[in-house]
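Asker: Could you have a look at this structure, given as structure tokens, before my questions?
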Amino acid sequence: MRSPDPRISLVIPVLNEARNLEVVLPSLPEVHQVILVDGHSVDDSVEVAKRCLPDIEVVTQTRGGKGNALACGFARVTGDVVVMFDADGSAAPEEIPLFAKTLVAGADFAKGSRFTSGGGSDDITVLRKAGNAVLNGFTNLLLRTRFTDLCYGYNAFWSDIIPAFGLPPTELGGESGRQWGDGFEVETLINCRIALAGLKIREVPSFERDRMFGTSNLDTFRDGIRVLRVILREYSRSWRAGRRQRERALPGPDTVVES
């Protein structure tokens, strides 16, 4: 039974974000749990986080990439609702209650969108916006979804649906053992699998702010190709699963079919 007053767990992937954390962490609302997943930062991100938020839970991710960081964080969640929250200052903390309200109202997955009424962005470039539109339309065509902002990473969901994501296991260590789904493609992977699982998705208008300090690890072309591969792989996986289901439904050679 899902709670009408859910405990919220924030999962925050971090890689050298000390200056941003000094501003972001004190601005967070009071929640059940804040999990910082450190990607082997070489600055003092962890020390800053502990100083700003003494009760924060710090996890060191087992491989590289945002996907692995999120998976490591999800494994530590104890709350009813999980919010994926970026550490660079682009995510608005005041939107967290709206995400939670959307879930309590009946959604399984609250999908942040910069391109629905009430959303927007100070950070997205013309190139990234165009690429997102193409990938978005392609996904909606193949998977029969109605996403308006496929690649946006500010999302929330009930913790009981984490198994539906099918993310790579976290216990495989070593950068050389990096798995499919460990990188920035993870957000698209999660979105596709939630949709294909038939879970209820509702979009939430969200405004993306400029990154405050430092530079993004996102590579528009490299990560765009990885996102495209996710869409094609998930479509193929869904098609194969549907074919197997149809084959099981066919009558066997000894089956009597009544007319």
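Labeling convention for the structure tokens: chains A, B, ... as they appear, residues from 1 per chain, ligands from 1 in order of appearance.
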Taking 3 positions as the minimum chain separation for residues in the same chain, which residues sit within 7 Å of A:Phe147 when counting only C-alpha atoms? Answer as a list of chain:residue names.

Answerer: A:Asn136, A:Asn140, A:Leu150

Asker: Give me a file of those residues, with N, CA and C atoms, as a compact mmCIF listing (two decimals), in the first residue's frame.

Answerer:
```
# COMPACT_ATOMS: atom_id res chain seq x y z
N ASN A 136 13.25 12.31 -29.13
CA ASN A 136 11.93 12.24 -28.51
C ASN A 136 10.88 11.72 -29.49
N ASN A 140 8.74 8.18 -29.40
CA ASN A 140 7.28 8.16 -29.38
C ASN A 140 6.72 7.35 -30.55
N LEU A 150 12.36 13.49 -23.42
CA LEU A 150 12.90 12.16 -23.15
C LEU A 150 14.17 12.18 -22.32
```

Asker: List as a tab-separated table every residue of stretch 109-136 of chain A that is in contact with stretch 190-208 of chain A, defined as an atom at most 10 Å from one of its atoms (using only C-alpha atoms), together with the nearest atom pair and the distance in Å rounded to one decimal, sorted by chain and then rising number.

Answerer:
```
residue	atom	partner	partner_atom	distance
A:Phe109	CA	A:Ile201	CA	4.9
A:Ala110	CA	A:Arg202	CA	5.2
A:Lys111	CA	A:Glu203	CA	4.5
A:Gly112	CA	A:Val204	CA	4.8
A:Ser113	CA	A:Pro205	CA	5.1
A:Arg114	CA	A:Ser206	CA	5.3
A:Phe115	CA	A:Pro205	CA	7.5
A:Thr116	CA	A:Pro205	CA	5.8
A:Ser117	CA	A:Pro205	CA	6.4
A:Gly118	CA	A:Pro205	CA	5.2
A:Gly119	CA	A:Pro205	CA	4.4
A:Gly120	CA	A:Phe207	CA	4.6
A:Ser121	CA	A:Glu208	CA	4.4
A:Asp122	CA	A:Glu208	CA	6.1
A:Asp123	CA	A:Glu208	CA	6.5
A:Ile124	CA	A:Glu208	CA	8.2
```

Asker: Please, which residues of stretch 88-258 of chain A, numbered as in this document, come out alpha helix (DSSP H) from DSSP, as an mmCIF file with N, CA and C atoms, in the first residue's frame?

Answerer:
```cif
data_model
loop_
_atom_site.group_PDB
_atom_site.id
_atom_site.type_symbol
_atom_site.label_atom_id
_atom_site.label_comp_id
_atom_site.auth_asym_id
_atom_site.auth_seq_id
_atom_site.Cartn_x
_atom_site.Cartn_y
_atom_site.Cartn_z
ATOM 1 N N ILE A 96 10.387 19.621 -5.864
ATOM 2 C CA ILE A 96 10.287 18.275 -5.282
ATOM 3 C C ILE A 96 8.877 17.970 -4.784
ATOM 4 N N PRO A 97 8.211 18.880 -4.047
ATOM 5 C CA PRO A 97 6.839 18.562 -3.598
ATOM 6 C C PRO A 97 5.867 18.297 -4.742
ATOM 7 N N LEU A 98 6.043 18.965 -5.881
ATOM 8 C CA LEU A 98 5.162 18.736 -7.022
ATOM 9 C C LEU A 98 5.358 17.332 -7.588
ATOM 10 N N PHE A 99 6.616 16.886 -7.647
ATOM 11 C CA PHE A 99 6.878 15.512 -8.095
ATOM 12 C C PHE A 99 6.194 14.515 -7.160
ATOM 13 N N ALA A 100 6.343 14.724 -5.851
ATOM 14 C CA ALA A 100 5.734 13.812 -4.877
ATOM 15 C C ALA A 100 4.213 13.842 -4.978
ATOM 16 N N LYS A 101 3.643 15.027 -5.146
ATOM 17 C CA LYS A 101 2.186 15.156 -5.270
ATOM 18 C C LYS A 101 1.673 14.403 -6.497
ATOM 19 N N THR A 102 2.431 14.451 -7.591
ATOM 20 C CA THR A 102 2.041 13.751 -8.814
ATOM 21 C C THR A 102 2.009 12.240 -8.598
ATOM 22 N N LEU A 103 2.966 11.737 -7.839
ATOM 23 C CA LEU A 103 2.995 10.300 -7.537
ATOM 24 C C LEU A 103 1.834 9.912 -6.626
ATOM 25 N N VAL A 104 1.591 10.693 -5.607
ATOM 26 C CA VAL A 104 0.492 10.399 -4.679
ATOM 27 C C VAL A 104 -0.848 10.431 -5.414
ATOM 28 N N VAL A 126 20.846 25.172 -28.432
ATOM 29 C CA VAL A 126 20.011 24.928 -29.615
ATOM 30 C C VAL A 126 20.266 23.529 -30.168
ATOM 31 N N LEU A 127 21.540 23.124 -30.190
ATOM 32 C CA LEU A 127 21.891 21.802 -30.710
ATOM 33 C C LEU A 127 21.299 20.690 -29.860
ATOM 34 N N ARG A 128 21.433 20.812 -28.542
ATOM 35 C CA ARG A 128 20.881 19.780 -27.660
ATOM 36 C C ARG A 128 19.358 19.743 -27.740
ATOM 37 N N LYS A 129 18.739 20.910 -27.867
ATOM 38 C CA LYS A 129 17.274 20.959 -27.972
ATOM 39 C C LYS A 129 16.807 20.259 -29.240
ATOM 40 N N ALA A 130 17.511 20.504 -30.352
ATOM 41 C CA ALA A 130 17.147 19.869 -31.618
ATOM 42 C C ALA A 130 17.346 18.361 -31.541
ATOM 43 N N GLY A 131 18.475 17.942 -30.957
ATOM 44 C CA GLY A 131 18.740 16.511 -30.819
ATOM 45 C C GLY A 131 17.715 15.837 -29.943
ATOM 46 N N ASN A 132 17.336 16.495 -28.860
ATOM 47 C CA ASN A 132 16.337 15.943 -27.952
ATOM 48 C C ASN A 132 14.991 15.783 -28.664
ATOM 49 N N ALA A 133 14.646 16.766 -29.500
ATOM 50 C CA ALA A 133 13.374 16.695 -30.225
ATOM 51 C C ALA A 133 13.345 15.505 -31.187
ATOM 52 N N VAL A 134 14.466 15.281 -31.872
ATOM 53 C CA VAL A 134 14.542 14.154 -32.810
ATOM 54 C C VAL A 134 14.446 12.823 -32.067
ATOM 55 N N LEU A 135 15.220 12.680 -31.001
ATOM 56 C CA LEU A 135 15.204 11.437 -30.233
ATOM 57 C C LEU A 135 13.848 11.218 -29.581
ATOM 58 N N ASN A 136 13.249 12.306 -29.127
ATOM 59 C CA ASN A 136 11.933 12.245 -28.505
ATOM 60 C C ASN A 136 10.885 11.722 -29.492
ATOM 61 N N GLY A 137 10.875 12.318 -30.679
ATOM 62 C CA GLY A 137 9.906 11.909 -31.691
ATOM 63 C C GLY A 137 10.108 10.474 -32.136
ATOM 64 N N PHE A 138 11.366 10.071 -32.256
ATOM 65 C CA PHE A 138 11.688 8.704 -32.659
ATOM 66 C C PHE A 138 11.185 7.698 -31.624
ATOM 67 N N THR A 139 11.393 8.020 -30.360
ATOM 68 C CA THR A 139 10.927 7.150 -29.272
ATOM 69 C C THR A 139 9.409 7.041 -29.271
ATOM 70 N N ASN A 140 8.740 8.176 -29.396
ATOM 71 C CA ASN A 140 7.276 8.160 -29.384
ATOM 72 C C ASN A 140 6.720 7.348 -30.546
ATOM 73 N N LEU A 141 7.392 7.414 -31.688
ATOM 74 C CA LEU A 141 6.946 6.657 -32.860
ATOM 75 C C LEU A 141 7.123 5.158 -32.646
ATOM 76 N N LEU A 142 8.306 4.758 -32.169
ATOM 77 C CA LEU A 142 8.598 3.329 -32.026
ATOM 78 C C LEU A 142 7.886 2.695 -30.838
ATOM 79 N N LEU A 143 7.872 3.393 -29.719
ATOM 80 C CA LEU A 143 7.353 2.801 -28.484
ATOM 81 C C LEU A 143 5.928 3.230 -28.168
ATOM 82 N N VAL A 186 21.362 6.317 -19.195
ATOM 83 C CA VAL A 186 20.530 5.673 -18.180
ATOM 84 C C VAL A 186 19.139 6.291 -18.097
ATOM 85 N N GLU A 187 19.041 7.628 -18.243
ATOM 86 C CA GLU A 187 17.731 8.257 -18.111
ATOM 87 C C GLU A 187 16.779 7.787 -19.198
ATOM 88 N N THR A 188 17.282 7.688 -20.442
ATOM 89 C CA THR A 188 16.456 7.187 -21.537
ATOM 90 C C THR A 188 16.122 5.719 -21.321
ATOM 91 N N LEU A 189 17.084 4.952 -20.844
ATOM 92 C CA LEU A 189 16.859 3.539 -20.574
ATOM 93 C C LEU A 189 15.726 3.357 -19.568
ATOM 94 N N ILE A 190 15.764 4.124 -18.486
ATOM 95 C CA ILE A 190 14.712 4.036 -17.470
ATOM 96 C C ILE A 190 13.360 4.434 -18.062
ATOM 97 N N ASN A 191 13.337 5.539 -18.804
ATOM 98 C CA ASN A 191 12.079 6.007 -19.390
ATOM 99 C C ASN A 191 11.463 4.967 -20.316
ATOM 100 N N CYS A 192 12.294 4.363 -21.159
ATOM 101 C CA CYS A 192 11.798 3.347 -22.093
ATOM 102 C C CYS A 192 11.250 2.132 -21.351
ATOM 103 N N ARG A 193 11.986 1.683 -20.353
ATOM 104 C CA ARG A 193 11.559 0.469 -19.659
ATOM 105 C C ARG A 193 10.316 0.686 -18.811
ATOM 106 N N ILE A 194 10.181 1.879 -18.242
ATOM 107 C CA ILE A 194 8.961 2.195 -17.505
ATOM 108 C C ILE A 194 7.762 2.184 -18.455
ATOM 109 N N ALA A 195 7.937 2.795 -19.627
ATOM 110 C CA ALA A 195 6.850 2.843 -20.600
ATOM 111 C C ALA A 195 6.483 1.449 -21.095
ATOM 112 N N LEU A 196 7.503 0.642 -21.412
ATOM 113 C CA LEU A 196 7.248 -0.703 -21.937
ATOM 114 C C LEU A 196 6.677 -1.641 -20.884
ATOM 115 N N THR A 220 27.534 15.981 -26.236
ATOM 116 C CA THR A 220 26.307 15.998 -27.030
ATOM 117 C C THR A 220 26.259 14.884 -28.065
ATOM 118 N N PHE A 221 27.327 14.710 -28.855
ATOM 119 C CA PHE A 221 27.308 13.720 -29.934
ATOM 120 C C PHE A 221 27.497 12.301 -29.406
ATOM 121 N N ARG A 222 28.497 12.101 -28.550
ATOM 122 C CA ARG A 222 28.753 10.749 -28.029
ATOM 123 C C ARG A 222 27.550 10.221 -27.264
ATOM 124 N N ASP A 223 27.019 11.050 -26.355
ATOM 125 C CA ASP A 223 25.908 10.584 -25.530
ATOM 126 C C ASP A 223 24.609 10.542 -26.312
ATOM 127 N N GLY A 224 24.488 11.400 -27.348
ATOM 128 C CA GLY A 224 23.325 11.324 -28.222
ATOM 129 C C GLY A 224 23.265 9.997 -28.963
ATOM 130 N N ILE A 225 24.415 9.527 -29.417
ATOM 131 C CA ILE A 225 24.473 8.221 -30.090
ATOM 132 C C ILE A 225 24.106 7.095 -29.121
ATOM 133 N N ARG A 226 24.582 7.203 -27.888
ATOM 134 C CA ARG A 226 24.248 6.176 -26.895
ATOM 135 C C ARG A 226 22.743 6.163 -26.605
ATOM 136 N N VAL A 227 22.128 7.334 -26.564
ATOM 137 C CA VAL A 227 20.684 7.415 -26.352
ATOM 138 C C VAL A 227 19.939 6.766 -27.522
ATOM 139 N N LEU A 228 20.383 7.045 -28.736
ATOM 140 C CA LEU A 228 19.761 6.436 -29.907
ATOM 141 C C LEU A 228 19.869 4.921 -29.854
ATOM 142 N N ARG A 229 21.025 4.429 -29.438
ATOM 143 C CA ARG A 229 21.203 2.978 -29.310
ATOM 144 C C ARG A 229 20.255 2.401 -28.270
ATOM 145 N N VAL A 230 20.026 3.126 -27.190
ATOM 146 C CA VAL A 230 19.081 2.660 -26.171
ATOM 147 C C VAL A 230 17.693 2.499 -26.774
ATOM 148 N N ILE A 231 17.255 3.515 -27.507
ATOM 149 C CA ILE A 231 15.912 3.472 -28.090
ATOM 150 C C ILE A 231 15.760 2.264 -29.012
ATOM 151 N N LEU A 232 16.762 2.061 -29.882
ATOM 152 C CA LEU A 232 16.702 0.941 -30.822
ATOM 153 C C LEU A 232 16.765 -0.400 -30.105
ATOM 154 N N ARG A 233 17.626 -0.502 -29.093
ATOM 155 C CA ARG A 233 17.744 -1.758 -28.355
ATOM 156 C C ARG A 233 16.472 -2.079 -27.594
ATOM 157 N N GLU A 234 15.870 -1.064 -26.977
ATOM 158 C CA GLU A 234 14.647 -1.312 -26.209
ATOM 159 C C GLU A 234 13.477 -1.652 -27.120
ATOM 160 N N TYR A 235 13.434 -1.014 -28.278
ATOM 161 C CA TYR A 235 12.394 -1.367 -29.238
ATOM 162 C C TYR A 235 12.576 -2.811 -29.700
ATOM 163 N N SER A 236 13.823 -3.184 -30.015
ATOM 164 C CA SER A 236 14.106 -4.550 -30.456
ATOM 165 C C SER A 236 13.774 -5.560 -29.364
ATOM 166 N N ARG A 237 14.153 -5.230 -28.126
ATOM 167 C CA ARG A 237 13.864 -6.129 -27.005
ATOM 168 C C ARG A 237 12.363 -6.308 -26.823
ATOM 169 N N SER A 238 11.622 -5.220 -26.954
ATOM 170 C CA SER A 238 10.167 -5.276 -26.823
ATOM 171 C C SER A 238 9.545 -6.096 -27.952
ATOM 172 N N TRP A 239 10.062 -5.903 -29.168
ATOM 173 C CA TRP A 239 9.524 -6.636 -30.324
ATOM 174 C C TRP A 239 9.762 -8.128 -30.163
ATOM 175 N N ARG A 240 10.974 -8.504 -29.717
ATOM 176 C CA ARG A 240 11.275 -9.926 -29.525
ATOM 177 C C ARG A 240 10.403 -10.533 -28.436
ATOM 178 N N ALA A 241 10.197 -9.786 -27.349
ATOM 179 C CA ALA A 241 9.348 -10.290 -26.267
ATOM 180 C C ALA A 241 7.913 -10.476 -26.753
ATOM 181 N N GLY A 242 7.430 -9.537 -27.574
ATOM 182 C CA GLY A 242 6.084 -9.649 -28.120
ATOM 183 C C GLY A 242 5.952 -10.838 -29.050
ATOM 184 N N ARG A 243 7.005 -11.082 -29.839
ATOM 185 C CA ARG A 243 6.972 -12.229 -30.755
ATOM 186 C C ARG A 243 6.918 -13.536 -29.979
ATOM 187 N N ARG A 244 7.714 -13.643 -28.908
ATOM 188 C CA ARG A 244 7.697 -14.864 -28.089
ATOM 189 C C ARG A 244 6.324 -15.073 -27.465
ATOM 190 N N GLN A 245 5.706 -13.978 -27.045
ATOM 191 C CA GLN A 245 4.383 -14.077 -26.443
ATOM 192 C C GLN A 245 3.362 -14.552 -27.464
ATOM 193 N N ARG A 246 3.470 -14.010 -28.690
ATOM 194 C CA ARG A 246 2.547 -14.437 -29.739
ATOM 195 C C ARG A 246 2.770 -15.897 -30.096
ATOM 196 N N GLU A 247 4.012 -16.356 -30.120
ATOM 197 C CA GLU A 247 4.303 -17.750 -30.448
ATOM 198 C C GLU A 247 3.749 -18.695 -29.388
ATOM 199 N N ARG A 248 3.834 -18.263 -28.112
ATOM 200 C CA ARG A 248 3.285 -19.111 -27.040
ATOM 201 C C ARG A 248 1.767 -19.206 -27.139
ATOM 202 N N ALA A 249 1.152 -18.165 -27.694
ATOM 203 C CA ALA A 249 -0.307 -18.150 -27.788
ATOM 204 C C ALA A 249 -0.823 -18.993 -28.957
#
```

Asker: Any idea what's packed within 8 Å of stretch 84-93 of chain A, counting only C-alpha atoms, ignoring anything in its chain fewer than 4 positions away? Could you give it as a list in words?

Answerer: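 The filter keeps Leu10, Val11, Ile12, Pro13, Val14, Glu17, Asn20, Leu21, Val23, Val24, Ser27, Leu28, Pro29, Leu70, Asp123, Gly153, Tyr154, Asn155, Ala156, Ser206, Phe207, Glu208, Arg209, Asp210, Arg211, Met212 and Phe213 of chain A.
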
Asker: Let me make sure I understand: among A:Thr148, A:Asn68, A:Asn16, A:Gln61, which one has the smallest atom-to-atom distance to A:Val42 if we use only C-alpha atoms?

Answerer: A:Asn16

Asker: Ranking A:Cys151, A:Ala107, A:Leu15, A:Val48 by minimum distance to A:Arg2 and counting only C-alpha atoms, which one comes first?

Answerer: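 That would be A:Ala107, the residue with the smallest distance to A:Arg2.
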
Asker: I'd like the neighbourhood of A:Arg7 as a tab-separated table (two decimals) with all heavy atoms, in the first residue's frame, where a residue qualifies if any of its atoms comes within 8 Å (using only C-alpha atoms), though same-chain residues fewer than 6 positions away should be ignored.

Answerer:
```
chain	number	residue	atom	x	y	z
A	31	VAL	N	13.85	16.15	3.96
A	31	VAL	CA	13.33	14.89	3.42
A	31	VAL	C	13.81	13.73	4.30
A	31	VAL	O	14.64	13.90	5.18
A	31	VAL	CB	13.78	14.66	1.96
A	31	VAL	CG1	13.17	15.71	1.03
A	31	VAL	CG2	15.30	14.66	1.84
A	32	HIS	N	13.27	12.56	4.01
A	32	HIS	CA	13.62	11.37	4.78
A	32	HIS	C	15.08	10.99	4.64
A	32	HIS	O	15.73	10.60	5.61
A	32	HIS	CB	12.72	10.21	4.31
A	32	HIS	CG	13.16	8.85	4.75
A	32	HIS	ND1	13.08	8.41	6.05
A	32	HIS	CD2	13.73	7.82	4.04
A	32	HIS	CE1	13.54	7.18	6.14
A	32	HIS	NE2	13.95	6.80	4.94
A	79	GLY	N	13.37	5.14	1.44
A	79	GLY	CA	12.13	5.89	1.37
A	79	GLY	C	11.10	5.26	0.45
A	79	GLY	O	11.36	4.26	-0.21
A	80	ASP	N	9.93	5.86	0.41
A	80	ASP	CA	8.84	5.38	-0.45
A	80	ASP	C	8.96	5.95	-1.86
A	80	ASP	O	8.55	5.31	-2.83
A	80	ASP	CB	7.49	5.81	0.13
A	80	ASP	CG	7.32	5.41	1.58
A	80	ASP	OD1	7.40	4.20	1.86
A	80	ASP	OD2	7.15	6.30	2.44
A	81	VAL	N	9.49	7.17	-1.95
A	81	VAL	CA	9.62	7.87	-3.22
A	81	VAL	C	11.08	8.24	-3.43
A	81	VAL	O	11.76	8.66	-2.50
A	81	VAL	CB	8.74	9.15	-3.23
A	81	VAL	CG1	9.18	10.13	-4.29
A	81	VAL	CG2	7.27	8.78	-3.42
```
